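Visitor: So that you have it, the file is start_28.csv, and it contains CSV, N, CA and C atoms:
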chain,number,residue,atom,x,y,z
A,12,MET,N,30.5,-48.1,-32.0
A,12,MET,CA,29.9,-48.2,-33.3
A,12,MET,C,28.6,-47.4,-33.3
A,13,ASN,N,27.5,-47.9,-32.7
A,13,ASN,CA,26.3,-47.2,-32.5
A,13,ASN,C,25.7,-46.7,-33.8
A,14,ARG,N,25.8,-47.4,-34.9
A,14,ARG,CA,25.2,-47.1,-36.2
A,14,ARG,C,23.7,-47.4,-36.1
A,15,THR,N,22.9,-46.6,-36.8
A,15,THR,CA,21.5,-46.9,-36.8
A,15,THR,C,21.1,-47.5,-38.1
A,16,VAL,N,20.1,-48.4,-38.1
A,16,VAL,CA,19.7,-49.2,-39.2
A,16,VAL,C,18.2,-49.1,-39.5
A,17,MET,N,17.8,-49.1,-40.8
A,17,MET,CA,16.4,-49.3,-41.2
A,17,MET,C,16.4,-50.5,-42.0
A,18,ILE,N,15.5,-51.4,-41.8
A,18,ILE,CA,15.3,-52.7,-42.6
A,18,ILE,C,14.1,-52.5,-43.4
A,19,VAL,N,14.3,-52.7,-44.7
A,19,VAL,CA,13.2,-52.6,-45.7
A,19,VAL,C,13.0,-53.9,-46.4
A,20,ASP,N,12.0,-54.6,-46.0
A,20,ASP,CA,11.7,-55.9,-46.6
A,20,ASP,C,10.2,-56.2,-46.4
A,21,ASP,N,9.5,-56.7,-47.4
A,21,ASP,CA,8.1,-57.0,-47.2
A,21,ASP,C,7.8,-58.2,-46.4
A,22,SER,N,8.8,-59.0,-46.1
A,22,SER,CA,8.6,-60.2,-45.3
A,22,SER,C,8.9,-59.9,-43.8
A,23,LEU,N,7.9,-60.0,-42.9
A,23,LEU,CA,8.1,-59.8,-41.5
A,23,LEU,C,9.2,-60.8,-41.0
A,24,PHE,N,9.1,-62.0,-41.5
A,24,PHE,CA,10.1,-63.1,-41.1
A,24,PHE,C,11.5,-62.6,-41.4
A,25,MET,N,11.8,-62.1,-42.6
A,25,MET,CA,13.1,-61.6,-42.9
A,25,MET,C,13.5,-60.4,-42.1
A,26,ARG,N,12.6,-59.5,-41.9
A,26,ARG,CA,12.9,-58.3,-41.0
A,26,ARG,C,13.3,-58.7,-39.6
A,27,ASN,N,12.6,-59.7,-39.1
A,27,ASN,CA,12.9,-60.2,-37.7
A,27,ASN,C,14.3,-60.9,-37.7
A,28,ILE,N,14.6,-61.6,-38.7
A,28,ILE,CA,16.0,-62.3,-38.8
A,28,ILE,C,17.1,-61.2,-38.9
A,29,LEU,N,16.9,-60.3,-39.8
A,29,LEU,CA,17.9,-59.2,-39.9
A,29,LEU,C,18.0,-58.4,-38.7
A,30,ARG,N,16.9,-58.0,-38.0
A,30,ARG,CA,16.9,-57.3,-36.8
A,30,ARG,C,17.7,-58.0,-35.7
A,31,GLY,N,17.5,-59.3,-35.6
A,31,GLY,CA,18.2,-60.0,-34.6
A,31,GLY,C,19.7,-60.0,-34.8
A,32,ILE,N,20.1,-60.2,-36.1
A,32,ILE,CA,21.5,-60.2,-36.5
A,32,ILE,C,22.2,-58.9,-36.2
A,33,VAL,N,21.6,-57.8,-36.6
A,33,VAL,CA,22.3,-56.5,-36.5
A,33,VAL,C,22.2,-56.0,-35.0
A,34,GLN,N,21.2,-56.3,-34.3
A,34,GLN,CA,21.1,-55.8,-32.9
A,34,GLN,C,22.1,-56.6,-32.1
A,35,GLU,N,22.3,-57.9,-32.4
A,35,GLU,CA,23.3,-58.7,-31.6
A,35,GLU,C,24.7,-58.1,-31.8
A,36,LYS,N,24.9,-57.5,-33.0
A,36,LYS,CA,26.2,-57.0,-33.3
A,36,LYS,C,26.4,-55.5,-32.8
A,37,GLY,N,25.3,-55.0,-32.2
A,37,GLY,CA,25.5,-53.6,-31.6
A,37,GLY,C,24.9,-52.5,-32.4
A,38,TYR,N,24.2,-52.8,-33.5
A,38,TYR,CA,23.6,-51.8,-34.3
A,38,TYR,C,22.2,-51.5,-33.7
A,39,ALA,N,21.7,-50.3,-33.8
A,39,ALA,CA,20.3,-50.0,-33.4
A,39,ALA,C,19.4,-49.9,-34.5
A,40,VAL,N,18.4,-50.8,-34.5
A,40,VAL,CA,17.3,-50.8,-35.6
A,40,VAL,C,16.3,-49.7,-35.2
A,41,ILE,N,16.3,-48.6,-35.9
A,41,ILE,CA,15.4,-47.5,-35.5
A,41,ILE,C,14.2,-47.5,-36.4
A,42,ALA,N,14.1,-48.3,-37.4
A,42,ALA,CA,12.9,-48.3,-38.3
A,42,ALA,C,12.9,-49.6,-39.1
A,43,GLU,N,11.7,-50.0,-39.4
A,43,GLU,CA,11.4,-51.1,-40.4
A,43,GLU,C,10.3,-50.6,-41.3
A,44,ALA,N,10.4,-51.2,-42.5
A,44,ALA,CA,9.4,-50.9,-43.5
A,44,ALA,C,9.1,-52.1,-44.4
A,45,ALA,N,7.8,-52.3,-44.7
A,45,ALA,CA,7.4,-53.4,-45.5
A,45,ALA,C,7.1,-52.9,-47.0
A,46,SER,N,7.2,-51.6,-47.2
A,46,SER,CA,6.9,-51.1,-48.6
A,46,SER,C,7.8,-49.9,-48.8
A,47,GLY,N,7.8,-49.5,-50.1
A,47,GLY,CA,8.6,-48.3,-50.5
A,47,GLY,C,8.1,-47.0,-49.9
A,48,ILE,N,6.8,-46.9,-49.8
A,48,ILE,CA,6.2,-45.7,-49.3
A,48,ILE,C,6.5,-45.6,-47.8
A,49,GLU,N,6.4,-46.7,-47.1
A,49,GLU,CA,6.8,-46.7,-45.6
A,49,GLU,C,8.3,-46.4,-45.5
A,50,ALA,N,9.1,-47.0,-46.3
A,50,ALA,CA,10.5,-46.8,-46.2
A,50,ALA,C,10.9,-45.3,-46.4
A,51,MET,N,10.3,-44.6,-47.4
A,51,MET,CA,10.6,-43.2,-47.6
A,51,MET,C,10.1,-42.3,-46.4
A,52,LYS,N,8.9,-42.7,-45.9
A,52,LYS,CA,8.4,-42.0,-44.7
A,52,LYS,C,9.3,-42.1,-43.5
A,53,ASN,N,9.8,-43.4,-43.3
A,53,ASN,CA,10.7,-43.6,-42.2
A,53,ASN,C,12.1,-43.0,-42.4
A,54,LEU,N,12.5,-43.0,-43.6
A,54,LEU,CA,13.8,-42.3,-44.0
A,54,LEU,C,13.8,-40.9,-43.6
A,55,ARG,N,12.7,-40.2,-43.9
A,55,ARG,CA,12.6,-38.7,-43.6
A,55,ARG,C,12.5,-38.5,-42.1
A,56,ALA,N,11.8,-39.4,-41.4
A,56,ALA,CA,11.6,-39.2,-40.0
A,56,ALA,C,12.8,-39.7,-39.1
A,57,GLN,N,13.5,-40.7,-39.6
A,57,GLN,CA,14.6,-41.3,-38.7
A,57,GLN,C,16.0,-41.0,-39.1
A,58,ASN,N,16.2,-40.9,-40.4
A,58,ASN,CA,17.6,-40.6,-41.0
A,58,ASN,C,18.6,-41.7,-40.5
A,59,PRO,N,18.4,-43.0,-40.9
A,59,PRO,CA,19.3,-44.1,-40.5
A,59,PRO,C,20.7,-44.0,-41.2
A,60,ASP,N,21.7,-44.5,-40.5
A,60,ASP,CA,23.0,-44.6,-41.1
A,60,ASP,C,23.1,-45.6,-42.2
A,61,ILE,N,22.4,-46.8,-42.0
A,61,ILE,CA,22.4,-47.9,-42.9
A,61,ILE,C,21.0,-48.3,-43.2
A,62,ILE,N,20.8,-48.6,-44.5
A,62,ILE,CA,19.5,-49.2,-44.9
A,62,ILE,C,19.7,-50.5,-45.6
A,63,LEU,N,19.1,-51.6,-45.0
A,63,LEU,CA,19.1,-52.9,-45.6
A,63,LEU,C,17.8,-53.0,-46.5
A,64,LEU,N,18.0,-53.1,-47.8
A,64,LEU,CA,16.9,-52.9,-48.7
A,64,LEU,C,16.7,-54.1,-49.6
A,65,ASP,N,15.5,-54.6,-49.6
A,65,ASP,CA,15.1,-55.7,-50.5
A,65,ASP,C,14.8,-55.1,-51.9
A,66,ILE,N,14.9,-55.9,-52.9
A,66,ILE,CA,14.6,-55.3,-54.3
A,66,ILE,C,13.2,-55.5,-54.6
A,67,ILE,N,12.5,-56.6,-54.2
A,67,ILE,CA,11.1,-56.8,-54.5
A,67,ILE,C,10.3,-56.4,-53.3
A,68,LEU,N,9.5,-55.3,-53.6
A,68,LEU,CA,8.6,-54.8,-52.6
A,68,LEU,C,7.2,-54.7,-53.3
A,69,PRO,N,6.1,-54.7,-52.5
A,69,PRO,CA,4.8,-54.7,-53.1
A,69,PRO,C,4.4,-53.4,-53.8
A,70,ASP,N,5.0,-52.3,-53.5
A,70,ASP,CA,4.6,-51.1,-54.1
A,70,ASP,C,5.7,-50.4,-54.9
A,71,SER,N,6.9,-51.0,-55.0
A,71,SER,CA,8.0,-50.3,-55.7
A,71,SER,C,9.1,-51.3,-56.0
A,72,ASN,N,9.9,-50.9,-57.0
A,72,ASN,CA,11.0,-51.6,-57.4
A,72,ASN,C,12.2,-51.1,-56.5
A,73,GLY,N,12.9,-52.1,-55.9
A,73,GLY,CA,13.9,-51.7,-55.0
A,73,GLY,C,15.0,-50.8,-55.6
A,74,LEU,N,15.3,-51.0,-56.9
A,74,LEU,CA,16.3,-50.1,-57.5
A,74,LEU,C,15.8,-48.7,-57.7
A,75,ASP,N,14.5,-48.5,-58.0
A,75,ASP,CA,14.0,-47.2,-58.0
A,75,ASP,C,14.0,-46.6,-56.6
A,76,LEU,N,13.7,-47.4,-55.6
A,76,LEU,CA,13.7,-46.9,-54.3
A,76,LEU,C,15.1,-46.5,-53.8
A,77,LEU,N,16.0,-47.3,-54.2
A,77,LEU,CA,17.5,-47.1,-53.9
A,77,LEU,C,17.9,-45.7,-54.5
A,78,GLN,N,17.5,-45.4,-55.7
A,78,GLN,CA,17.8,-44.1,-56.2
A,78,GLN,C,17.1,-43.0,-55.4
A,79,SER,N,15.9,-43.1,-55.0
A,79,SER,CA,15.2,-42.1,-54.2
A,79,SER,C,15.9,-41.9,-52.8
A,80,ILE,N,16.3,-43.1,-52.3
A,80,ILE,CA,17.0,-43.0,-51.0
A,80,ILE,C,18.3,-42.3,-51.1
A,81,THR,N,19.1,-42.6,-52.1
A,81,THR,CA,20.4,-42.0,-52.2
A,81,THR,C,20.3,-40.5,-52.5
A,82,GLU,N,19.3,-40.1,-53.2
A,82,GLU,CA,19.1,-38.7,-53.5
A,82,GLU,C,18.6,-38.0,-52.2
A,83,ALA,N,17.8,-38.6,-51.4
A,83,ALA,CA,17.3,-38.0,-50.2
A,83,ALA,C,18.3,-38.0,-49.1
A,84,ARG,N,19.1,-39.0,-49.0
A,84,ARG,CA,20.0,-39.2,-47.9
A,84,ARG,C,21.4,-39.7,-48.5
A,85,PRO,N,22.1,-38.9,-49.1
A,85,PRO,CA,23.4,-39.4,-49.8
A,85,PRO,C,24.4,-39.9,-48.8
A,86,LYS,N,24.3,-39.6,-47.5
A,86,LYS,CA,25.3,-40.1,-46.5
A,86,LYS,C,24.9,-41.4,-45.9
A,87,SER,N,23.7,-41.9,-46.2
A,87,SER,CA,23.2,-43.2,-45.7
A,87,SER,C,23.9,-44.3,-46.6
A,88,TRP,N,24.2,-45.4,-45.9
A,88,TRP,CA,24.8,-46.5,-46.7
A,88,TRP,C,23.6,-47.5,-47.0
A,89,VAL,N,23.4,-47.8,-48.2
A,89,VAL,CA,22.4,-48.7,-48.6
A,89,VAL,C,23.0,-50.1,-49.0
A,90,VAL,N,22.5,-51.1,-48.4
A,90,VAL,CA,22.9,-52.5,-48.7
A,90,VAL,C,21.7,-53.2,-49.2
A,91,LEU,N,21.8,-53.7,-50.5
A,91,LEU,CA,20.8,-54.5,-51.0
A,91,LEU,C,20.8,-55.9,-50.4
A,92,CYS,N,19.7,-56.4,-50.1
A,92,CYS,CA,19.6,-57.7,-49.5
A,92,CYS,C,18.5,-58.5,-50.3
A,93,SER,N,18.9,-59.3,-51.2
A,93,SER,CA,17.8,-59.9,-52.1
A,93,SER,C,18.2,-61.2,-52.7
A,94,ALA,N,17.2,-62.0,-53.1
A,94,ALA,CA,17.5,-63.3,-53.7
A,94,ALA,C,17.8,-63.0,-55.2
A,95,ILE,N,17.5,-61.8,-55.7
A,95,ILE,CA,17.9,-61.5,-57.1
A,95,ILE,C,19.4,-61.1,-57.1
A,96,GLY,N,20.2,-62.0,-57.6
A,96,GLY,CA,21.6,-61.8,-57.5
A,96,GLY,C,22.3,-61.7,-58.9
A,97,GLN,N,21.5,-61.4,-59.9
A,97,GLN,CA,22.1,-61.3,-61.3
A,97,GLN,C,23.1,-60.1,-61.3
A,98,GLU,N,24.2,-60.4,-62.1
A,98,GLU,CA,25.3,-59.4,-62.2
A,98,GLU,C,24.8,-58.0,-62.6
A,99,GLN,N,23.9,-58.0,-63.6
A,99,GLN,CA,23.4,-56.7,-64.1
A,99,GLN,C,22.6,-55.9,-63.1
A,100,VAL,N,21.9,-56.6,-62.2
A,100,VAL,CA,21.1,-56.0,-61.1
A,100,VAL,C,22.1,-55.4,-60.1
A,101,ILE,N,23.1,-56.2,-59.8
A,101,ILE,CA,24.1,-55.8,-58.8
A,101,ILE,C,24.9,-54.5,-59.3
A,102,HIS,N,25.3,-54.6,-60.6
A,102,HIS,CA,26.0,-53.4,-61.2
A,102,HIS,C,25.1,-52.2,-61.2
A,103,LYS,N,23.9,-52.4,-61.6
A,103,LYS,CA,22.9,-51.2,-61.6
A,103,LYS,C,22.8,-50.6,-60.2
A,104,ALA,N,22.7,-51.5,-59.2
A,104,ALA,CA,22.5,-51.1,-57.8
A,104,ALA,C,23.8,-50.3,-57.4
A,105,GLN,N,24.9,-50.8,-57.8
A,105,GLN,CA,26.2,-50.1,-57.4
A,105,GLN,C,26.2,-48.7,-58.1
A,106,ASP,N,25.8,-48.7,-59.4
A,106,ASP,CA,25.8,-47.4,-60.1
A,106,ASP,C,24.8,-46.4,-59.4
A,107,LEU,N,23.8,-46.9,-58.8
A,107,LEU,CA,22.8,-46.1,-58.1
A,107,LEU,C,23.2,-45.7,-56.7
A,108,GLY,N,24.3,-46.2,-56.2
A,108,GLY,CA,24.8,-45.8,-54.9
A,108,GLY,C,24.8,-46.9,-53.8
A,109,ALA,N,24.4,-48.1,-54.2
A,109,ALA,CA,24.4,-49.2,-53.1
A,109,ALA,C,25.9,-49.4,-52.7
A,110,LYS,N,26.1,-49.6,-51.5
A,110,LYS,CA,27.5,-49.8,-50.9
A,110,LYS,C,27.8,-51.3,-51.0
A,111,ALA,N,26.8,-52.2,-50.9
A,111,ALA,CA,27.1,-53.6,-50.9
A,111,ALA,C,25.8,-54.4,-51.3
A,112,PHE,N,26.0,-55.7,-51.5
A,112,PHE,CA,24.9,-56.6,-51.9
A,112,PHE,C,25.0,-57.9,-51.0
A,113,ILE,N,23.9,-58.3,-50.4
A,113,ILE,CA,23.9,-59.5,-49.7
A,113,ILE,C,22.9,-60.4,-50.4
A,114,GLN,N,23.4,-61.6,-50.8
A,114,GLN,CA,22.5,-62.5,-51.5
A,114,GLN,C,21.7,-63.4,-50.5
A,115,LYS,N,20.4,-63.4,-50.7
A,115,LYS,CA,19.5,-64.3,-49.9
A,115,LYS,C,19.5,-65.7,-50.6
A,116,PRO,N,19.5,-66.8,-49.9
A,116,PRO,CA,19.6,-66.8,-48.4
A,116,PRO,C,21.0,-66.5,-48.0
A,117,PHE,N,21.1,-66.0,-46.8
A,117,PHE,CA,22.4,-65.5,-46.3
A,117,PHE,C,22.7,-66.1,-44.9
A,118,THR,N,23.9,-66.1,-44.4
A,118,THR,CA,24.2,-66.5,-43.1
A,118,THR,C,24.4,-65.2,-42.2
A,119,PRO,N,24.2,-65.3,-40.9
A,119,PRO,CA,24.4,-64.1,-40.1
A,119,PRO,C,25.8,-63.6,-40.2
A,120,GLU,N,26.8,-64.5,-40.4
A,120,GLU,CA,28.2,-64.1,-40.6
A,120,GLU,C,28.4,-63.2,-41.8
A,121,LYS,N,27.7,-63.5,-42.9
A,121,LYS,CA,27.8,-62.8,-44.1
A,121,LYS,C,27.2,-61.3,-43.9
A,122,VAL,N,26.1,-61.2,-43.2
A,122,VAL,CA,25.5,-59.9,-43.0
A,122,VAL,C,26.5,-59.1,-42.1
A,123,ILE,N,27.1,-59.7,-41.1
A,123,ILE,CA,28.0,-58.9,-40.3
A,123,ILE,C,29.3,-58.6,-41.1
A,124,GLU,N,29.7,-59.5,-41.9
A,124,GLU,CA,30.9,-59.2,-42.7
A,124,GLU,C,30.7,-58.0,-43.6
A,125,VAL,N,29.5,-57.9,-44.2
A,125,VAL,CA,29.2,-56.8,-45.1
A,125,VAL,C,29.1,-55.5,-44.3
A,126,LEU,N,28.4,-55.5,-43.2
A,126,LEU,CA,28.3,-54.3,-42.3
A,126,LEU,C,29.6,-53.9,-41.8
A,127,GLU,N,30.5,-54.8,-41.4
A,127,GLU,CA,31.8,-54.4,-40.9
A,127,GLU,C,32.7,-53.8,-42.1
A,128,SER,N,32.5,-54.3,-43.3
A,128,SER,CA,33.2,-53.8,-44.4
A,128,SER,C,32.9,-52.3,-44.7
A,129,LEU,N,31.7,-51.9,-44.4
A,129,LEU,CA,31.3,-50.5,-44.6
A,129,LEU,C,32.0,-49.6,-43.6
A,130,GLU,N,32.4,-50.1,-42.5
A,130,GLU,CA,33.1,-49.3,-41.5
A,130,GLU,C,34.6,-49.0,-41.9
A,131,GLU,N,35.1,-49.8,-42.8
A,131,GLU,CA,36.5,-49.7,-43.2
A,131,GLU,C,36.8,-48.5,-44.0
Let me see the file written as structure tokens.
Guide:
Amino acid sequence: MNRTVMIVDDSLFMRNILRGIVQEKGYAVIAEAASGIEAMKNLRAQNPDIILLDIILPDSNGLDLLQSITEARPKSWVVLCSAIGQEQVIHKAQDLGAKAFIQKPFTPEKVIEVLESLEE
């Protein structure tokens, strides 16, 4: 597998949880970001295969950031990971190129299920 992952979430606690889940499953976390600016900087420097992206960030809207990410790296898979699970938000994210959505709070099994579904 050896897919690389960047985790974008303003919560250090959430980044730590996600890092533990994906690393245990064999993914390499090559970057983390707590803001949109940091995410775009890391995206250009690291070019991850998968981006786990929160919608609420201190300096940007996750949907706007999603659009910037998919324009900059169309081959990267973006998975939104947010407590905001309204249907219209999910549909907008899919229209902008998100491959999947993980509703917070989540279980480790749900995160792995979504990541494995990307591989199919």
Visitor: Using DSSP on the backbone coordinates, identify the residues of chain A assigned to helix (DSSP H, G or I); present them as a PyMOL selection string.
Guide: chain A and resi 23-35+47-57+73-83+98-106+119-130
Visitor: Hey, can you check how far CA of Pro116 in chain A sits from atom N of Arg84 in chain A?
Guide: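 Between CA of Pro116 in chain A and atom N of Arg84 in chain A the gap works out to 27.8 Å.
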Visitor: Pick out the residues sitting within 7 Å of range 33-45 of chain A, and hand them over as an NGL selection string; count all atoms listed in the file, and ignore anything fewer than 6 positions along from it in its own chain.
Guide: :A and (12-22 or 53 or 57 or 68-70)
Visitor: Using all atoms listed in the file for the distances, tell me which of A:Met51, A:Leu29, A:Ile61, A:Ala104 is nearest to Gly73 in chain A.
Guide: A:Ala104
Visitor: In terms of the shortest atom-to-atom distance over only N, CA and C atoms, which of A:Arg55, A:Lys121, A:Arg26, A:Lys115 is closest to Cys92 in chain A?
Guide: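 Under the stated criterion, the closest residue is A:Lys115.
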Visitor: A:Glu98, A:Asp60, A:Glu127, A:Asp65: which is nearest Gly47 in chain A, counting only C-alpha atoms?
Guide: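 For Gly47 in chain A, the nearest of the given residues is A:Asp65.
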Visitor: Taking only N, CA and C atoms into account, which of A:Phe24, A:Ala50, A:Ile66, A:Gln105 comes nearest Ile80 in chain A?
Guide: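 Looking only at the distances to Ile80 in chain A, the closest residue turns out to be A:Ala50.
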Visitor: Report, in Å with one decimal, the straight-line distance from CA of Lys52 in chain A to atom N of Phe117 in chain A.
Guide: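 Distance between the two atoms: 27.2 Å.
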Visitor: Which of these, A:Ile123, A:Ile28, A:Ile113, A:Leu54, has the shortest distance to Ala94 in chain A once you count only C-alpha atoms?
Guide: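 Using only C-alpha atoms, the shortest distance to Ala94 in chain A belongs to A:Ile113.
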Visitor: A:Asp106, A:Ala83, A:Ser93, A:Ile48: which is nearest Ile67 in chain A, counting all atoms listed in the file?
Guide: A:Ser93
